[in-house]
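Text of protein.txt, listed as compact mmCIF, C-alpha atoms:
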# COMPACT_ATOMS: atom_id res chain seq x y z
CA LYS A 229 10.25 104.38 187.96
CA ILE A 230 13.59 102.67 188.47
CA GLY A 231 13.08 99.38 190.28
CA GLY A 232 11.32 100.26 193.50
CA PHE A 233 12.12 103.98 193.20
CA MET A 234 10.04 106.82 191.75
CA PHE A 235 11.66 109.93 190.25
CA LEU A 236 10.27 113.17 191.72
CA LYS A 237 11.29 116.22 189.69
CA GLY A 238 11.73 119.51 191.50
CA GLU A 239 9.44 121.29 189.03
CA GLU A 240 6.69 118.73 189.64
CA MET A 241 7.13 118.85 193.42
CA ASP A 242 6.81 122.65 193.39
CA SER A 243 3.18 122.42 192.28
CA ALA A 244 2.28 119.07 193.83
CA THR A 245 -0.35 118.86 196.55
CA PRO A 246 0.44 116.06 199.05
CA LYS A 247 -2.49 113.93 200.08
CA PRO A 248 -3.71 114.91 203.56
CA LEU A 249 -3.38 112.45 206.41
CA GLU A 250 -6.57 110.41 206.74
CA TRP A 251 -7.76 108.36 209.69
CA TYR A 252 -9.75 105.28 210.52
CA VAL A 253 -9.71 106.41 214.15
CA GLU A 254 -8.51 109.96 214.56
CA ASP A 255 -5.11 110.29 216.26
CA ILE A 256 -4.63 106.57 216.94
CA PHE A 257 -5.09 104.64 213.66
CA PRO A 258 -4.23 106.32 210.31
CA LYS A 259 -4.99 105.17 206.78
CA ARG A 260 -2.29 103.89 204.42
CA PHE A 261 0.35 103.55 207.14
CA ASN A 262 2.32 100.53 208.30
CA SER A 263 0.76 100.27 211.75
CA ILE A 264 1.46 98.10 214.77
CA ILE A 265 0.34 97.83 218.37
CA ALA A 266 2.90 96.22 220.66
CA GLY A 267 3.04 95.58 224.36
CA THR A 268 3.53 93.33 227.33
CA THR A 269 1.85 90.00 227.89
CA GLY A 270 -1.47 90.56 229.62
CA ALA A 271 -1.84 94.17 228.47
CA LYS A 272 -4.98 93.23 226.49
CA LYS A 273 -3.44 94.19 223.11
CA SER A 274 -5.66 91.70 221.30
CA MET A 275 -8.77 92.97 223.06
CA PHE A 276 -7.81 96.54 222.18
CA ALA A 277 -7.26 95.69 218.50
CA MET A 278 -10.47 93.68 218.30
CA GLU A 279 -12.64 96.30 220.01
CA MET A 280 -11.18 99.03 217.79
CA GLY A 281 -11.70 96.90 214.67
CA MET A 282 -15.29 96.11 215.60
CA SER A 283 -15.93 99.78 216.39
CA ILE A 284 -14.70 100.69 212.91
CA ALA A 285 -16.77 97.94 211.26
CA ASN A 286 -19.86 99.09 213.14
CA ALA A 287 -19.25 102.76 212.25
CA GLU A 288 -19.28 103.73 215.91
CA LYS A 289 -18.90 107.47 216.48
CA ARG A 290 -15.93 107.07 218.83
CA PHE A 291 -13.45 104.62 220.29
CA LEU A 292 -11.89 105.62 223.63
CA GLY A 293 -13.14 109.12 222.88
CA TYR A 294 -11.31 109.29 219.54
CA LYS A 295 -13.45 110.04 216.49
CA ILE A 296 -14.18 107.23 213.99
CA LEU A 297 -14.58 108.69 210.52
CA SER A 298 -16.70 105.98 208.88
CA GLY A 299 -17.42 102.26 208.69
CA TYR A 300 -14.95 100.02 206.85
CA LYS A 301 -14.58 96.33 206.11
CA VAL A 302 -12.29 94.60 208.60
CA LEU A 303 -10.65 91.16 208.44
CA TYR A 304 -9.36 90.06 211.83
CA ILE A 305 -6.76 87.27 211.70
CA ASP A 306 -6.40 85.36 214.95
CA THR A 307 -3.35 83.10 214.99
CA GLU A 308 -3.40 81.82 218.56
CA ALA A 309 -6.66 82.09 220.53
CA GLY A 310 -8.83 79.70 218.48
CA GLU A 311 -12.47 79.65 217.45
CA ASN A 312 -14.11 79.33 220.85
CA GLU A 313 -12.13 82.11 222.51
CA VAL A 314 -12.45 84.64 219.68
CA THR A 315 -16.20 83.97 219.53
CA ARG A 316 -16.40 84.68 223.27
CA ARG A 317 -14.49 87.93 222.80
CA TYR A 318 -16.60 88.97 219.81
CA GLN A 319 -19.85 88.46 221.69
CA GLY A 320 -18.48 90.17 224.80
CA ILE A 321 -17.45 93.27 222.84
CA LYS A 322 -20.60 93.34 220.70
CA LYS A 323 -22.93 93.57 223.70
CA HIS A 324 -21.64 97.09 224.41
CA MET A 325 -22.62 98.31 220.93
CA ASN A 326 -25.78 98.74 218.94
CA TRP A 327 -24.27 96.16 216.61
CA ASN A 328 -25.01 96.44 212.89
CA GLY A 329 -21.53 95.69 211.62
CA SER A 330 -21.70 91.99 210.73
CA HIS A 331 -21.47 92.76 207.00
CA ASN A 332 -18.21 94.66 207.63
CA TRP A 333 -16.60 92.06 209.92
CA MET A 334 -14.88 88.78 209.11
CA MET A 335 -12.47 86.63 211.09
CA LEU A 336 -9.91 83.95 210.33
CA THR A 337 -8.79 81.83 213.25
CA LYS A 338 -6.33 79.00 213.82
CA ASN A 339 -4.62 77.34 216.75
CA GLY A 340 -1.20 78.41 217.95
CA SER A 341 0.89 76.30 215.55
CA PHE A 342 3.76 78.10 213.80
CA TYR A 343 3.82 78.28 210.01
CA ASP A 344 3.81 80.99 207.34
CA VAL A 345 0.18 82.02 206.95
CA TRP A 346 0.66 84.31 203.96
CA ASP A 347 -0.55 81.93 201.24
CA ASP A 348 -3.64 81.16 203.32
CA LEU A 349 -4.38 84.87 203.68
CA HIS A 350 -4.07 85.51 199.94
CA LYS A 351 -6.52 82.66 199.31
CA ALA A 352 -8.93 84.11 201.87
CA LEU A 353 -8.93 87.45 200.04
CA LYS A 354 -10.62 85.75 197.09
CA TYR A 355 -13.70 85.44 199.29
CA TYR A 356 -13.55 88.63 201.34
CA LYS A 357 -11.79 91.90 200.44
CA PRO A 358 -11.34 94.15 203.49
CA ASP A 359 -10.10 97.70 203.87
CA ILE A 360 -8.22 96.76 207.03
CA MET A 361 -6.47 93.54 208.00
CA ILE A 362 -5.60 93.07 211.68
CA VAL A 363 -2.92 90.39 212.19
CA ASP A 364 -3.00 89.06 215.75
CA CYS A 365 -0.29 88.27 216.40
CA LEU A 366 2.76 88.82 214.19
CA TYR A 367 4.85 86.22 216.03
CA ASN A 368 2.39 83.39 215.33
CA SER A 369 1.87 84.36 211.70
CA THR A 370 5.19 82.96 210.53
CA ALA A 371 7.62 80.09 210.93
CA VAL A 372 10.38 82.64 211.60
CA ASN A 373 11.49 81.98 215.16
CA ASP A 374 14.05 84.72 215.69
CA PHE A 375 12.76 88.23 215.10
CA SER A 376 16.11 89.68 216.13
CA LYS A 377 17.67 88.52 212.84
CA ALA A 378 17.37 91.21 210.16
CA THR A 379 17.18 88.74 207.26
CA GLN A 380 14.34 86.74 208.78
CA MET A 381 12.51 89.88 209.83
CA THR A 382 12.81 91.25 206.29
CA ASN A 383 10.98 88.20 204.94
CA VAL A 384 8.05 88.88 207.27
CA ILE A 385 7.97 92.61 206.41
CA ASN A 386 7.98 91.91 202.68
CA LYS A 387 4.93 89.68 203.07
CA LEU A 388 3.07 92.41 204.93
CA VAL A 389 4.03 94.98 202.30
CA GLU A 390 2.42 92.85 199.57
CA PHE A 391 -1.04 93.26 201.06
CA LYS A 392 -0.72 97.03 201.09
CA SER A 393 1.05 97.55 197.74
CA GLU A 394 -0.69 94.84 195.70
CA LYS A 395 -4.10 94.59 197.37
CA GLY A 396 -4.55 98.10 198.78
CA ILE A 397 -5.25 96.70 202.26
CA ASP A 398 -4.02 98.53 205.35
CA ILE A 399 -2.35 96.38 208.01
CA LEU A 400 -2.51 96.66 211.78
CA ALA A 401 -0.22 94.07 213.37
CA VAL A 402 -0.35 93.03 217.03
CA HIS A 403 3.09 92.32 218.46
CA HIS A 404 4.95 91.55 221.70
CA PHE A 405 7.58 93.14 223.90
CA ILE A 406 10.77 91.28 224.74
CA LYS A 407 11.33 90.12 228.30
CA GLY A 408 13.10 92.46 230.68
CA LYS A 409 13.42 96.26 230.71
CA HIS A 410 10.36 96.34 232.98
CA ASP A 411 11.09 99.89 234.12
CA THR A 412 10.90 101.32 230.58
CA PHE A 413 7.99 102.08 228.26
CA ASN A 414 9.20 102.77 224.72
CA ILE A 415 9.50 101.17 221.29
CA ASP A 416 12.89 99.65 222.13
CA ARG A 417 11.11 97.04 224.26
CA MET A 418 9.41 95.67 221.16
CA SER A 419 10.58 92.32 219.83
CA GLY A 420 12.27 92.43 216.44
CA SER A 421 15.36 93.77 214.69
CA HIS A 422 15.82 97.33 213.47
CA VAL A 423 14.17 96.22 210.21
CA LEU A 424 10.78 96.07 211.92
CA GLN A 425 11.18 99.47 213.57
CA SER A 426 12.20 100.98 210.24
CA TRP A 427 9.15 99.53 208.49
CA ILE A 428 6.72 100.83 211.09
CA GLU A 429 5.17 104.21 210.32
CA TRP A 430 2.67 104.25 213.18
CA CYS A 431 3.10 102.47 216.48
CA LEU A 432 1.01 102.25 219.63
CA LEU A 433 2.45 100.74 222.81
CA MET A 434 0.54 99.12 225.67
CA ILE A 435 1.68 97.79 229.02
CA LYS A 436 -0.23 96.44 231.96
CA THR A 437 0.19 98.02 235.37
CA ASN A 438 0.15 96.60 238.88
CA ARG A 439 -3.53 97.62 239.18
CA GLU A 440 -6.11 95.12 237.98
CA GLY A 441 -7.60 96.14 234.64
CA LEU A 442 -5.56 99.33 234.27
CA ASN A 443 -3.25 99.54 231.25
CA MET A 444 -1.10 102.33 229.84
CA LEU A 445 -1.23 103.46 226.21
CA ARG A 446 1.14 105.73 224.32
CA GLN A 447 2.50 106.47 220.87
CA GLY A 448 5.72 104.65 220.09
CA LYS A 449 6.39 106.11 216.66
CA VAL A 450 4.53 108.49 214.37
CA ARG A 451 5.04 109.72 210.85
CA GLY A 452 3.10 112.49 209.16
CA ALA A 453 1.31 113.63 212.31
CA THR A 454 2.03 115.63 215.45
CA GLU A 455 3.68 113.44 218.07
CA ASP A 456 1.75 112.94 221.29
CA ASN A 457 4.08 112.22 224.20
CA LYS A 458 1.34 111.77 226.79
CA ILE A 459 0.73 108.41 228.46
CA TYR A 460 -2.91 107.47 228.88
CA GLY A 461 -4.54 105.24 231.45
CA ILE A 462 -7.16 102.95 229.91
CA HIS A 463 -9.26 100.56 231.95
CA TRP A 464 -10.56 97.21 230.70
CA ASP A 465 -13.60 95.63 232.26
CA ASP A 466 -16.25 93.26 230.90
CA TYR A 467 -14.84 93.34 227.34
CA LYS A 468 -14.74 97.12 227.09
CA PHE A 469 -12.01 99.76 227.34
CA THR A 470 -12.65 103.18 228.83
CA MET A 471 -10.32 106.16 228.86
CA LYS A 472 -9.35 107.24 232.38
CA GLY A 473 -7.04 110.14 231.54
CA VAL A 474 -3.38 111.11 231.42
CA ILE A 475 -0.88 109.52 233.82
CA ASN A 476 1.75 112.01 234.95
CA ASP A 477 4.09 109.58 236.70
CA ILE A 478 4.08 105.96 235.57
CA ALA A 479 6.82 104.64 237.86
CA PRO A 480 4.62 103.54 240.80
CA LEU A 481 2.32 101.67 238.40
CA MET A 482 5.15 99.72 236.78
CA ILE A 483 6.59 98.11 239.90
CA ASP A 484 5.95 94.40 240.10
CA ASN A 485 3.41 93.70 242.85
CA HIS A 486 5.60 91.12 244.57
CA VAL A 487 8.64 93.39 244.57
CA LYS A 488 6.54 96.41 245.49
CA LEU A 489 5.40 94.70 248.68
CA LYS A 490 9.00 93.94 249.58
CA TYR A 491 10.00 97.57 249.14
CA ALA A 492 6.97 98.70 251.14
CA SER A 493 7.77 96.37 253.99
CA ILE A 494 11.22 97.96 254.31
CA LEU A 495 10.06 101.56 253.87
CA GLU A 496 7.32 101.30 256.46
CA ASP A 497 9.95 100.73 259.17
CA LEU A 498 12.22 103.56 258.04
CA PRO A 499 12.04 107.25 258.99
CA GLN A 500 11.23 109.86 256.33
CA ARG A 501 14.97 110.46 255.81
CA PHE A 502 17.40 107.55 256.10
CA ASP A 503 20.83 106.41 254.97
CA ASN A 504 22.41 103.27 253.51
CA LYS A 505 23.01 101.78 256.94
CA ASP A 506 19.38 102.29 257.99
CA TRP A 507 18.13 100.60 254.81
CA LEU A 508 20.45 97.61 255.22
CA ASN A 509 19.52 97.17 258.89
CA ILE A 510 15.82 96.88 258.09
CA PHE A 511 16.56 94.81 254.98
CA ASN A 512 18.62 92.30 256.97
CA THR A 513 15.95 91.88 259.64
CA LYS A 514 13.30 91.03 257.03
CA PHE A 515 15.17 89.12 254.31
CA ASP A 516 17.93 86.55 254.26
CA TYR A 517 19.77 87.92 251.22
CA SER A 518 23.23 89.34 250.60
CA GLU A 519 24.25 92.94 251.21
CA LYS A 520 24.65 93.32 247.43
CA THR A 521 20.98 92.41 246.97
CA GLY A 522 20.07 94.98 249.61
CA TYR A 523 21.83 97.72 247.66
CA THR A 524 20.24 96.49 244.43
CA TRP A 525 16.79 96.83 245.97
CA LEU A 526 17.61 100.31 247.20
CA LYS A 527 18.67 101.34 243.69
CA LYS A 528 15.47 99.90 242.20
CA ALA A 529 13.37 101.67 244.81
CA THR A 530 15.17 104.89 243.83
CA ASP A 531 14.68 104.24 240.10
CA SER A 532 10.98 103.65 240.77
CA LYS A 533 10.80 106.98 242.62
CA LEU A 534 9.56 105.38 245.80
CA VAL A 535 12.78 106.77 247.25
CA LYS A 536 14.57 110.03 246.39
CA LYS A 537 18.32 110.42 246.76
CA VAL A 538 19.15 113.55 248.79
CA THR A 539 22.92 113.30 248.82
CA ARG A 540 25.53 110.56 248.76
CA GLY A 541 24.23 107.70 250.91
CA VAL A 542 21.20 109.67 252.16
CA TYR A 543 17.62 109.17 250.93
CA GLU A 544 14.03 110.26 251.55
CA LYS A 545 10.75 108.50 251.03
CA TYR A 546 9.17 110.02 247.93
CA LEU A 547 6.22 108.48 246.10
CA LYS A 548 3.58 106.57 248.01
CA ILE A 549 2.67 103.01 247.21
CA ILE A 550 -0.69 102.90 245.45
CA ASN A 551 -3.02 100.75 247.51
CA GLU A 552 -6.70 99.99 248.01
CA GLU A 553 -7.16 103.16 250.07
CA ASN A 554 -6.02 105.60 247.36
CA ILE A 555 -6.66 103.71 244.11
CA ASP A 556 -10.10 105.32 243.73
CA GLU A 557 -8.38 108.64 243.10
CA LEU A 558 -6.73 107.14 240.02
CA MET A 559 -9.61 104.99 238.75

Give the structure from the file, written as structure tokens.
Amino acid sequence: KIGGFMFLKGEEMDSATPKPLEWYVEDIFPKRFNSIIAGTTGAKKSMFAMEMGMSIANAEKRFLGYKILSGYKVLYIDTEAGENEVTRRYQGIKKHMNWNGSHNWMMLTKNGSFYDVWDDLHKALKYYKPDIMIVDCLYNSTAVNDFSKATQMTNVINKLVEFKSEKGIDILAVHHFIKGKHDTFNIDRMSGSHVLQSWIEWCLLMIKTNREGLNMLRQGKVRGATEDNKIYGIHWDDYKFTMKGVINDIAPLMIDNHVKLKYASILEDLPQRFDNKDWLNIFNTKFDYSEKTGYTWLKKATDSKLVKKVTRGVYEKYLKIINEENIDELM
């Protein structure tokens, strides 16, 4: 070894057998990887991480249809919800299982105050040594207040690395998206500098949709496994997630409800094919905004695929608004 590096000789690599990829939950949570689940506020990231952790601790056969290989010890670190709320969640999730996992499950909880929790966590490991440590959430686990700064982000990453390299504990961190970019669903929406993205070896992304209880799940980054580009619809109800299938077109589900209703109110008074002038005429009769805003709404409706551009200045209605009449087809 030289510092943090390890020499690998060509002759040794010729005959070496790499360790196979191993899983806690097949295809969504690997062993010995720097893992994170990130998403929008309200996407139930914490509930997802907690249900998956409890499923692992209880040696359930599957989580969301994905195979669980065995039972493991899990330490769940709550940094914001507090004792009463995490107890409520625990009991709500447990009722859907034949629960025998208490010996594999431990929680730490605190209020939402900001300070570096790392020393506390190292002290806790004197009393309970887990295989997996779920940190919920990364933002509240540190006094660092600007994750966009590489230097500050490096300090957080180094603390996480210690648990894996020195204690042999795998980390799953729960993290947030930045505000904005509401029409995109990729790892670039995640809060944090490039340092965080470089550290991550396995990333799941979650966003809520404009349908109550329906969230979207996808891979954000993978290493050592086949990439899955599909986007899955998962439904949360009564403290339990269920897999609903693959979503082919996410655009209609990502439109803000308030804005969606505005678009719909304009489109319902337009013919199947219309032009800029038609759009602005209906827009002006319904809303007291500038012409520039009218064109902005038209562009957003086009980006959301509610409207399809036929030629310059000419459009057609394209995707339907999902409503109470057709939502059963999706759910």

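Of note, atom CA of Leu424 of chain A and atom CA of Ser369 of chain A are spaced 14.7 Å apart.
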
- Message: If we count all atoms listed in the file and set the cut-off at 12 Å, which residues sit around Met280 of chain A, ignoring sequence neighbours fewer than 3 positions away in its own chain? Please answer as a ChimeraX atom specification.
- Response: /A:252-254,256-257,265,273-277,283-296,299-300,302,304,318,321-322,325,333,360,362,400,467-470

- Got a sec: who's within 9 Å of segment 504-519 of chain A, counting only C-alpha atoms, leaving out chain neighbours fewer than 4 positions off, as a ChimeraX atom specification? /A:493-495,497-499,523-524,526,541-543

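Closest approach to Asp255 of chain A from the set A:Asp503, A:Glu313, A:Asp456, A:Glu544 is made by A:Asp456, with distances taken over all atoms listed in the file.
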
Closest contacts (segment 255-307 of chain A/segment 374-387 of chain A, max 12 Å, only C-alpha atoms) as JSON lines:
{"residue": "A:Asn262", "atom": "CA", "partner": "A:Ile385", "partner_atom": "CA", "distance": 9.9}
{"residue": "A:Ser263", "atom": "CA", "partner": "A:Ile385", "partner_atom": "CA", "distance": 11.8}
{"residue": "A:Ile264", "atom": "CA", "partner": "A:Ile385", "partner_atom": "CA", "distance": 11.9}

Segment 342-416 of chain A near segment 432-440 of chain A within 9 Å: what's each residue's closest atom pair and its distance in Å to one decimal, counting all atoms listed in the file, ordered by chain then ascending residue number, as a tab-separated table?
residue	atom	partner	partner_atom	distance
A:Phe413	CA	A:Ile435	CA	7.7
A:Asn414	CA	A:Leu433	CA	7.3
A:Ile415	CA	A:Leu433	CA	7.2

Write a file of the selected residues as a short mmCIF file (atom, residue, chain, number, x, y, z; two decimals), in the frame of the given file, keeping C-alpha atoms.
data_model
loop_
_atom_site.label_atom_id
_atom_site.label_comp_id
_atom_site.auth_asym_id
_atom_site.auth_seq_id
_atom_site.Cartn_x
_atom_site.Cartn_y
_atom_site.Cartn_z
CA PHE A 413 7.99 102.08 228.26
CA ASN A 414 9.20 102.77 224.72
CA ILE A 415 9.50 101.17 221.29
#
